[in-house]
file structure-v1.cif (mmCIF, C-alpha atoms)
data_upload
#
loop_
_atom_site.group_PDB
_atom_site.id
_atom_site.type_symbol
_atom_site.label_atom_id
_atom_site.label_comp_id
_atom_site.auth_asym_id
_atom_site.auth_seq_id
_atom_site.Cartn_x
_atom_site.Cartn_y
_atom_site.Cartn_z
ATOM 1 C CA MET M 1 17.342 2.764 -4.063
ATOM 2 C CA ASN M 2 14.555 1.093 -6.036
ATOM 3 C CA TYR M 3 14.544 -2.580 -6.991
ATOM 4 C CA PHE M 4 15.655 -1.909 -10.556
ATOM 5 C CA GLU M 5 18.687 -0.015 -9.269
ATOM 6 C CA LEU M 6 19.423 -2.771 -6.748
ATOM 7 C CA PHE M 7 19.506 -5.308 -9.583
ATOM 8 C CA ASP M 8 21.279 -2.911 -11.944
ATOM 9 C CA LEU M 9 18.414 -3.179 -14.437
ATOM 10 C CA PRO M 10 16.792 -0.410 -16.469
ATOM 11 C CA LEU M 11 13.392 0.764 -15.247
ATOM 12 C CA SER M 12 10.958 -1.211 -17.367
ATOM 13 C CA LEU M 13 7.608 -2.983 -17.391
ATOM 14 C CA THR M 14 9.308 -6.215 -18.453
ATOM 15 C CA VAL M 15 12.403 -7.819 -16.979
ATOM 16 C CA ASP M 16 14.952 -10.150 -18.508
ATOM 17 C CA LYS M 17 14.535 -13.209 -16.260
ATOM 18 C CA SER M 18 18.049 -14.534 -16.889
ATOM 19 C CA LYS M 19 19.670 -11.215 -15.919
ATOM 20 C CA LEU M 20 17.391 -11.049 -12.887
ATOM 21 C CA ALA M 21 18.400 -14.523 -11.710
ATOM 22 C CA LYS M 22 22.097 -13.892 -12.326
ATOM 23 C CA LYS M 23 22.059 -10.624 -10.398
ATOM 24 C CA TYR M 24 20.020 -12.168 -7.576
ATOM 25 C CA PHE M 25 22.649 -14.861 -7.049
ATOM 26 C CA GLU M 26 25.399 -12.242 -7.125
ATOM 27 C CA LEU M 27 23.585 -10.194 -4.480
ATOM 28 C CA GLN M 28 22.965 -13.232 -2.290
ATOM 29 C CA LYS M 29 26.603 -14.248 -2.590
ATOM 30 C CA LYS M 30 27.635 -10.767 -1.547
ATOM 31 C CA PHE M 31 25.068 -10.044 1.180
ATOM 32 C CA HIS M 32 23.762 -13.325 2.544
ATOM 33 C CA PRO M 33 23.768 -13.038 6.367
ATOM 34 C CA ASP M 34 25.614 -16.367 6.730
ATOM 35 C CA PHE M 35 28.704 -14.692 5.278
ATOM 36 C CA TYR M 36 28.609 -12.001 7.976
ATOM 37 C CA THR M 37 28.556 -14.103 11.141
ATOM 38 C CA GLN M 38 32.016 -12.824 12.167
ATOM 39 C CA ALA M 39 31.261 -9.180 11.231
ATOM 40 C CA ASP M 40 30.220 -6.493 13.673
ATOM 41 C CA GLU M 41 26.543 -5.856 14.385
ATOM 42 C CA ALA M 42 26.233 -2.936 11.965
ATOM 43 C CA GLU M 43 27.670 -4.964 9.079
ATOM 44 C CA GLN M 44 25.417 -7.924 9.922
ATOM 45 C CA GLU M 45 22.382 -5.662 9.972
ATOM 46 C CA GLY M 46 23.364 -4.029 6.667
ATOM 47 C CA ALA M 47 23.858 -7.403 5.002
ATOM 48 C CA LEU M 48 20.525 -8.639 6.339
ATOM 49 C CA GLU M 49 18.749 -5.543 4.975
ATOM 50 C CA LYS M 50 20.321 -5.921 1.532
ATOM 51 C CA SER M 51 19.622 -9.642 1.418
ATOM 52 C CA SER M 52 16.027 -9.026 2.455
ATOM 53 C CA ALA M 53 15.651 -6.262 -0.146
ATOM 54 C CA ALA M 54 17.016 -8.608 -2.823
ATOM 55 C CA ASN M 55 14.446 -11.249 -1.832
ATOM 56 C CA LYS M 56 11.560 -8.756 -1.966
ATOM 57 C CA ALA M 57 12.805 -7.338 -5.259
ATOM 58 C CA LEU M 58 13.092 -10.788 -6.813
ATOM 59 C CA LYS M 59 9.530 -11.627 -5.826
ATOM 60 C CA ILE M 60 8.229 -8.427 -7.449
ATOM 61 C CA LEU M 61 10.430 -8.468 -10.536
ATOM 62 C CA GLN M 62 9.542 -12.074 -11.406
ATOM 63 C CA ASN M 63 5.847 -11.304 -11.842
ATOM 64 C CA LYS M 64 4.477 -9.225 -14.716
ATOM 65 C CA GLU M 65 1.570 -7.701 -12.756
ATOM 66 C CA SER M 66 3.791 -6.975 -9.757
ATOM 67 C CA ILE M 67 6.266 -5.151 -11.997
ATOM 68 C CA ILE M 68 3.473 -3.011 -13.441
ATOM 69 C CA LYS M 69 2.184 -2.198 -9.966
ATOM 70 C CA TYR M 70 5.692 -1.388 -8.709
ATOM 71 C CA VAL M 71 6.533 0.919 -11.635
ATOM 72 C CA LEU M 72 3.193 2.731 -11.315
ATOM 73 C CA GLN M 73 3.900 3.213 -7.609
ATOM 74 C CA LEU M 74 7.417 4.490 -8.349
ATOM 75 C CA LYS M 75 5.904 6.994 -10.765
ATOM 76 C CA GLY M 76 3.367 8.110 -8.149
ATOM 77 C CA LEU M 77 0.415 6.915 -10.225
ATOM 78 C CA LEU M 78 -0.806 4.121 -7.957
ATOM 79 C CA GLN M 79 -1.519 4.049 -4.244
ATOM 80 C CA GLU M 80 -1.329 0.833 -2.215
ATOM 81 C CA GLU M 81 -5.057 0.356 -1.523
ATOM 82 C CA GLU M 82 -6.385 2.537 -4.335
ATOM 83 C CA LYS M 83 -9.995 2.104 -5.397
ATOM 84 C CA TYR M 84 -9.933 2.502 -9.163
ATOM 85 C CA GLN M 85 -13.101 3.237 -11.122
ATOM 86 C CA LEU M 86 -13.191 1.025 -14.188
ATOM 87 C CA PRO M 87 -15.140 2.126 -17.280
ATOM 88 C CA PRO M 88 -18.840 1.115 -17.272
ATOM 89 C CA HIS M 89 -18.579 -0.680 -20.638
ATOM 90 C CA PHE M 90 -15.813 -2.906 -19.246
ATOM 91 C CA LEU M 91 -17.877 -3.682 -16.161
ATOM 92 C CA MET M 92 -20.861 -4.595 -18.345
ATOM 93 C CA GLU M 93 -18.756 -6.991 -20.430
ATOM 94 C CA VAL M 94 -17.343 -8.575 -17.292
ATOM 95 C CA MET M 95 -20.814 -8.885 -15.805
ATOM 96 C CA GLU M 96 -21.913 -10.799 -18.906
ATOM 97 C CA LEU M 97 -18.906 -13.088 -18.618
ATOM 98 C CA ASN M 98 -19.636 -13.570 -14.936
ATOM 99 C CA GLU M 99 -23.298 -14.445 -15.528
ATOM 100 C CA ASN M 100 -22.384 -17.075 -18.089
ATOM 101 C CA LEU M 101 -19.584 -18.803 -16.190
ATOM 102 C CA SER M 102 -18.946 -22.326 -17.373
ATOM 103 C CA ASP M 103 -16.062 -24.647 -18.083
ATOM 104 C CA ASP M 104 -15.457 -22.735 -21.323
ATOM 105 C CA SER M 105 -15.294 -19.362 -19.572
ATOM 106 C CA ALA M 106 -11.535 -19.502 -19.046
ATOM 107 C CA THR M 107 -11.072 -19.404 -22.815
ATOM 108 C CA ALA M 108 -13.475 -16.468 -23.224
ATOM 109 C CA ILE M 109 -11.722 -14.610 -20.402
ATOM 110 C CA ALA M 110 -8.318 -15.264 -21.993
ATOM 111 C CA VAL M 111 -9.569 -13.808 -25.290
ATOM 112 C CA PHE M 112 -10.989 -10.803 -23.436
ATOM 113 C CA GLU M 113 -7.695 -10.364 -21.584
ATOM 114 C CA ASN M 114 -5.745 -10.484 -24.865
ATOM 115 C CA ASP M 115 -8.034 -7.763 -26.239
ATOM 116 C CA ILE M 116 -7.382 -5.421 -23.312
ATOM 117 C CA TYR M 117 -3.648 -6.200 -23.415
ATOM 118 C CA ALA M 118 -3.497 -5.280 -27.103
ATOM 119 C CA GLY M 119 -4.142 -1.647 -26.187
ATOM 120 C CA VAL M 120 -1.055 -1.433 -23.975
ATOM 121 C CA LYS M 121 1.210 -4.073 -25.478
ATOM 122 C CA HIS M 122 3.382 -1.513 -27.263
ATOM 123 C CA ILE M 123 3.795 0.481 -24.033
ATOM 124 C CA ILE M 124 4.634 -2.524 -21.858
ATOM 125 C CA GLU M 125 6.893 -4.371 -24.278
ATOM 126 C CA GLY M 126 8.568 -1.277 -25.712
ATOM 127 C CA TYR M 127 8.839 0.656 -22.444
ATOM 128 C CA ASP M 128 11.353 3.490 -22.522
ATOM 129 C CA ASP M 129 11.470 5.454 -19.286
ATOM 130 C CA ALA M 130 12.856 8.520 -21.053
ATOM 131 C CA SER M 131 9.956 8.806 -23.483
ATOM 132 C CA VAL M 132 6.962 7.216 -21.771
ATOM 133 C CA THR M 133 4.202 9.709 -21.046
ATOM 134 C CA THR M 134 1.875 9.952 -18.073
ATOM 135 C CA ALA M 135 -1.003 9.235 -20.464
ATOM 136 C CA ASP M 136 0.730 5.984 -21.508
ATOM 137 C CA LEU M 137 1.213 4.982 -17.889
ATOM 138 C CA LEU M 138 -2.415 5.760 -17.092
ATOM 139 C CA LYS M 139 -3.432 3.349 -19.878
ATOM 140 C CA VAL M 140 -1.199 0.724 -18.273
ATOM 141 C CA LYS M 141 -2.806 1.487 -14.914
ATOM 142 C CA GLU M 142 -6.265 0.866 -16.344
ATOM 143 C CA TYR M 143 -5.033 -2.385 -17.893
ATOM 144 C CA TYR M 144 -3.597 -3.407 -14.497
ATOM 145 C CA PHE M 145 -6.960 -2.955 -12.771
ATOM 146 C CA LYS M 146 -8.869 -4.668 -15.564
ATOM 147 C CA LYS M 147 -6.475 -7.618 -15.373
ATOM 148 C CA LYS M 148 -6.966 -7.842 -11.606
ATOM 149 C CA TYR M 149 -10.725 -7.864 -12.108
ATOM 150 C CA LEU M 150 -10.513 -10.670 -14.650
ATOM 151 C CA GLN M 151 -8.164 -12.620 -12.395
ATOM 152 C CA ARG M 152 -10.786 -12.619 -9.636
ATOM 153 C CA ILE M 153 -13.233 -14.272 -12.034
ATOM 154 C CA LEU M 154 -10.640 -16.866 -13.059
ATOM 155 C CA ASP M 155 -9.927 -17.556 -9.378
ATOM 156 C CA ARG M 156 -13.644 -18.167 -8.823
ATOM 157 C CA LEU M 157 -13.626 -20.647 -11.714
ATOM 158 C CA ASP M 158 -10.830 -22.593 -10.018
ATOM 159 C CA ASP M 159 -12.810 -22.897 -6.768
#
call {"tool": "encode", "arguments": {"input": "structure-v1.cif", "output": "structure tokens"}}
result
Amino acid sequence: MNYFELFDLPLSLTVDKSKLAKKYFELQKKFHPDFYTQADEAEQEGALEKSSAANKALKILQNKESIIKYVLQLKGLLQEEEKYQLPPHFLMEVMELNENLSDDSATAIAVFENDIYAGVKHIIEGYDDASVTTADLLKVKEYYFKKKYLQRILDRLDD
């Protein structure tokens, strides 16, 4: 069972946060280990597994980048420690941003990020599992890695 099924949500690259929270509380009410203290060992273990799965799922489904990563992994398009080769033109643009880091760089990076998001916005926000193509998902994968790259620069700015 994947996390979308656990939360009774459609497979998507965006998640309705209110439905997510509501379902999380339902799952915790149903499977929290404290409610199984008088149950046999098998039931306690099952409840603990489901409660733990709900916690992991919530953590992933609350974060946009984590959702993208999770869906790409479900679709077999992303490996855990994959080394992805980004396009040279992107790397050149990022290198320029990196060389000119200043207090204003966060704004320039945000603009750059919005530009790369524009190419996949319709796929992410209008995701339909029945009609999405592998080519669409590969575009999302490239966006995911570009976003990670930009995030590293933003993290350096914060240091």
call {"tool": "atom_distance", "arguments": {"input": "structure-v1.cif", "atom1": "CA of Lys56 (chain M)", "atom2": "CA of Ser12 (chain M)"}}
result
17.2 Å
call {"tool": "resolve_selection", "arguments": {"input": "structure-v1.cif", "expression": "the PyMOL selection byres ((chain M and resi 120-123) around 12)", "output": "ChimeraX atom specification"}}
result
/M:12-14,68,113-119,124-129,131-144,146-147
call {"tool": "closest_residue", "arguments": {"input": "structure-v1.cif", "among": "M:Leu11, M:Ala110, M:Leu58, M:Met92", "to": "Lys75 (chain M)", "atoms": "only C-alpha atoms"}}
result
M:Leu11
call {"tool": "atom_distance", "arguments": {"input": "structure-v1.cif", "atom1": "CA of Lys23 (chain M)", "atom2": "CA of Asp8 (chain M)"}}
result
7.9 Å
call {"tool": "closest_residue", "arguments": {"input": "structure-v1.cif", "among": "M:Glu93, M:Phe4, M:Phe145, M:Leu20", "to": "Tyr70 (chain M)", "atoms": "only C-alpha atoms"}}
result
M:Phe4
call {"tool": "residues_around", "arguments": {"input": "structure-v1.cif", "residues": "region 24-36 of chain M", "least_positions_apart": "4", "cutoff": "8 Å", "atoms": "only C-alpha atoms", "output": "number ranges by chain"}}
result
M: 7, 20, 43-44, 47-48, 50-51, 54, 58
call {"tool": "residues_around", "arguments": {"input": "structure-v1.cif", "residues": "Gln62 (chain M)", "least_positions_apart": "2", "cutoff": "10 Å", "atoms": "only C-alpha atoms", "output": "compact mmCIF listing (two decimals) with C-alpha atoms, in the coordinates of the input"}}
result
# COMPACT_ATOMS: atom_id res chain seq x y z
CA THR M 14 9.31 -6.22 -18.45
CA VAL M 15 12.40 -7.82 -16.98
CA ASP M 16 14.95 -10.15 -18.51
CA LYS M 17 14.54 -13.21 -16.26
CA LEU M 20 17.39 -11.05 -12.89
CA ALA M 21 18.40 -14.52 -11.71
CA ALA M 57 12.80 -7.34 -5.26
CA LEU M 58 13.09 -10.79 -6.81
CA LYS M 59 9.53 -11.63 -5.83
CA ILE M 60 8.23 -8.43 -7.45
CA LYS M 64 4.48 -9.22 -14.72
CA GLU M 65 1.57 -7.70 -12.76
CA SER M 66 3.79 -6.98 -9.76
CA ILE M 67 6.27 -5.15 -12.00
call {"tool": "atom_distance", "arguments": {"input": "structure-v1.cif", "atom1": "CA of His89 (chain M)", "atom2": "CA of Leu150 (chain M)"}}
result
14.2 Å
call {"tool": "residues_around", "arguments": {"input": "structure-v1.cif", "residues": "Ile109 (chain M)", "least_positions_apart": "5", "cutoff": "10 Å", "atoms": "all atoms listed in the file", "output": "compact mmCIF listing (two decimals) with C-alpha atoms, in the frame of the given file"}}
result
# COMPACT_ATOMS: atom_id res chain seq x y z
CA VAL M 94 -17.34 -8.57 -17.29
CA LEU M 97 -18.91 -13.09 -18.62
CA ASN M 98 -19.64 -13.57 -14.94
CA LEU M 101 -19.58 -18.80 -16.19
CA ASP M 104 -15.46 -22.74 -21.32
CA ASN M 114 -5.74 -10.48 -24.86
CA ASP M 115 -8.03 -7.76 -26.24
CA LEU M 150 -10.51 -10.67 -14.65
CA GLN M 151 -8.16 -12.62 -12.40
CA ILE M 153 -13.23 -14.27 -12.03
CA LEU M 154 -10.64 -16.87 -13.06
call {"tool": "closest_residue", "arguments": {"input": "structure-v1.cif", "among": "M:Leu157, M:Leu78, M:Met1, M:Leu61", "to": "Asn100 (chain M)", "atoms": "only C-alpha atoms"}}
result
M:Leu157
call {"tool": "closest_residue", "arguments": {"input": "structure-v1.cif", "among": "M:Val71, M:Lys148, M:Asn63, M:Glu96", "to": "Tyr84 (chain M)", "atoms": "only C-alpha atoms"}}
result
M:Lys148
call {"tool": "closest_residue", "arguments": {"input": "structure-v1.cif", "among": "M:Glu5, M:Glu82, M:Glu99, M:Asp158", "to": "Lys69 (chain M)", "atoms": "all atoms listed in the file"}}
result
M:Glu82
call {"tool": "closest_residue", "arguments": {"input": "structure-v1.cif", "among": "M:Glu45, M:Ala106, M:Leu72, M:Ser18", "to": "Arg152 (chain M)", "atoms": "all atoms listed in the file"}}
result
M:Ala106
call {"tool": "build_atoms", "arguments": {"input": "structure-v1.cif", "residues": "region 58-75 of chain M", "atoms": "N, CA and C atoms", "output": "PDB file, keeping the file's coordinate frame"}}
result
ATOM      1  N   LEU M  58      13.224  -9.621  -5.937  1.00  0.00           N
ATOM      2  CA  LEU M  58      13.092 -10.788  -6.813  1.00  0.00           C
ATOM      3  C   LEU M  58      11.631 -11.197  -6.941  1.00  0.00           C
ATOM      4  N   LYS M  59      10.937 -11.230  -5.813  1.00  0.00           N
ATOM      5  CA  LYS M  59       9.530 -11.627  -5.826  1.00  0.00           C
ATOM      6  C   LYS M  59       8.713 -10.692  -6.725  1.00  0.00           C
ATOM      7  N   ILE M  60       8.958  -9.402  -6.638  1.00  0.00           N
ATOM      8  CA  ILE M  60       8.229  -8.427  -7.449  1.00  0.00           C
ATOM      9  C   ILE M  60       8.646  -8.497  -8.913  1.00  0.00           C
ATOM     10  N   LEU M  61       9.931  -8.544  -9.169  1.00  0.00           N
ATOM     11  CA  LEU M  61      10.430  -8.468 -10.536  1.00  0.00           C
ATOM     12  C   LEU M  61      10.259  -9.763 -11.334  1.00  0.00           C
ATOM     13  N   GLN M  62       9.810 -10.827 -10.688  1.00  0.00           N
ATOM     14  CA  GLN M  62       9.542 -12.074 -11.406  1.00  0.00           C
ATOM     15  C   GLN M  62       8.120 -12.137 -11.948  1.00  0.00           C
ATOM     16  N   ASN M  63       7.264 -11.231 -11.504  1.00  0.00           N
ATOM     17  CA  ASN M  63       5.847 -11.304 -11.842  1.00  0.00           C
ATOM     18  C   ASN M  63       5.431 -10.075 -12.640  1.00  0.00           C
ATOM     19  N   LYS M  64       4.848 -10.301 -13.799  1.00  0.00           N
ATOM     20  CA  LYS M  64       4.477  -9.225 -14.716  1.00  0.00           C
ATOM     21  C   LYS M  64       3.551  -8.184 -14.068  1.00  0.00           C
ATOM     22  N   GLU M  65       2.514  -8.642 -13.380  1.00  0.00           N
ATOM     23  CA  GLU M  65       1.570  -7.701 -12.756  1.00  0.00           C
ATOM     24  C   GLU M  65       2.228  -6.947 -11.602  1.00  0.00           C
ATOM     25  N   SER M  66       3.095  -7.631 -10.861  1.00  0.00           N
ATOM     26  CA  SER M  66       3.791  -6.975  -9.757  1.00  0.00           C
ATOM     27  C   SER M  66       4.746  -5.891 -10.267  1.00  0.00           C
ATOM     28  N   ILE M  67       5.374  -6.153 -11.399  1.00  0.00           N
ATOM     29  CA  ILE M  67       6.266  -5.151 -11.997  1.00  0.00           C
ATOM     30  C   ILE M  67       5.457  -3.918 -12.392  1.00  0.00           C
ATOM     31  N   ILE M  68       4.320  -4.138 -13.036  1.00  0.00           N
ATOM     32  CA  ILE M  68       3.473  -3.011 -13.441  1.00  0.00           C
ATOM     33  C   ILE M  68       3.059  -2.202 -12.220  1.00  0.00           C
ATOM     34  N   LYS M  69       2.597  -2.878 -11.198  1.00  0.00           N
ATOM     35  CA  LYS M  69       2.184  -2.198  -9.966  1.00  0.00           C
ATOM     36  C   LYS M  69       3.351  -1.409  -9.368  1.00  0.00           C
ATOM     37  N   TYR M  70       4.511  -2.022  -9.303  1.00  0.00           N
ATOM     38  CA  TYR M  70       5.692  -1.388  -8.709  1.00  0.00           C
ATOM     39  C   TYR M  70       6.104  -0.138  -9.488  1.00  0.00           C
ATOM     40  N   VAL M  71       6.144  -0.239 -10.813  1.00  0.00           N
ATOM     41  CA  VAL M  71       6.533   0.919 -11.635  1.00  0.00           C
ATOM     42  C   VAL M  71       5.512   2.047 -11.488  1.00  0.00           C
ATOM     43  N   LEU M  72       4.224   1.704 -11.495  1.00  0.00           N
ATOM     44  CA  LEU M  72       3.193   2.731 -11.315  1.00  0.00           C
ATOM     45  C   LEU M  72       3.323   3.399  -9.947  1.00  0.00           C
ATOM     46  N   GLN M  73       3.677   2.630  -8.928  1.00  0.00           N
ATOM     47  CA  GLN M  73       3.900   3.213  -7.609  1.00  0.00           C
ATOM     48  C   GLN M  73       5.141   4.108  -7.607  1.00  0.00           C
ATOM     49  N   LEU M  74       6.205   3.662  -8.256  1.00  0.00           N
ATOM     50  CA  LEU M  74       7.417   4.490  -8.349  1.00  0.00           C
ATOM     51  C   LEU M  74       7.119   5.831  -9.025  1.00  0.00           C
ATOM     52  N   LYS M  75       6.246   5.789 -10.007  1.00  0.00           N
ATOM     53  CA  LYS M  75       5.904   6.994 -10.765  1.00  0.00           C
ATOM     54  C   LYS M  75       4.845   7.834 -10.060  1.00  0.00           C
TER      55      LYS M  75
END
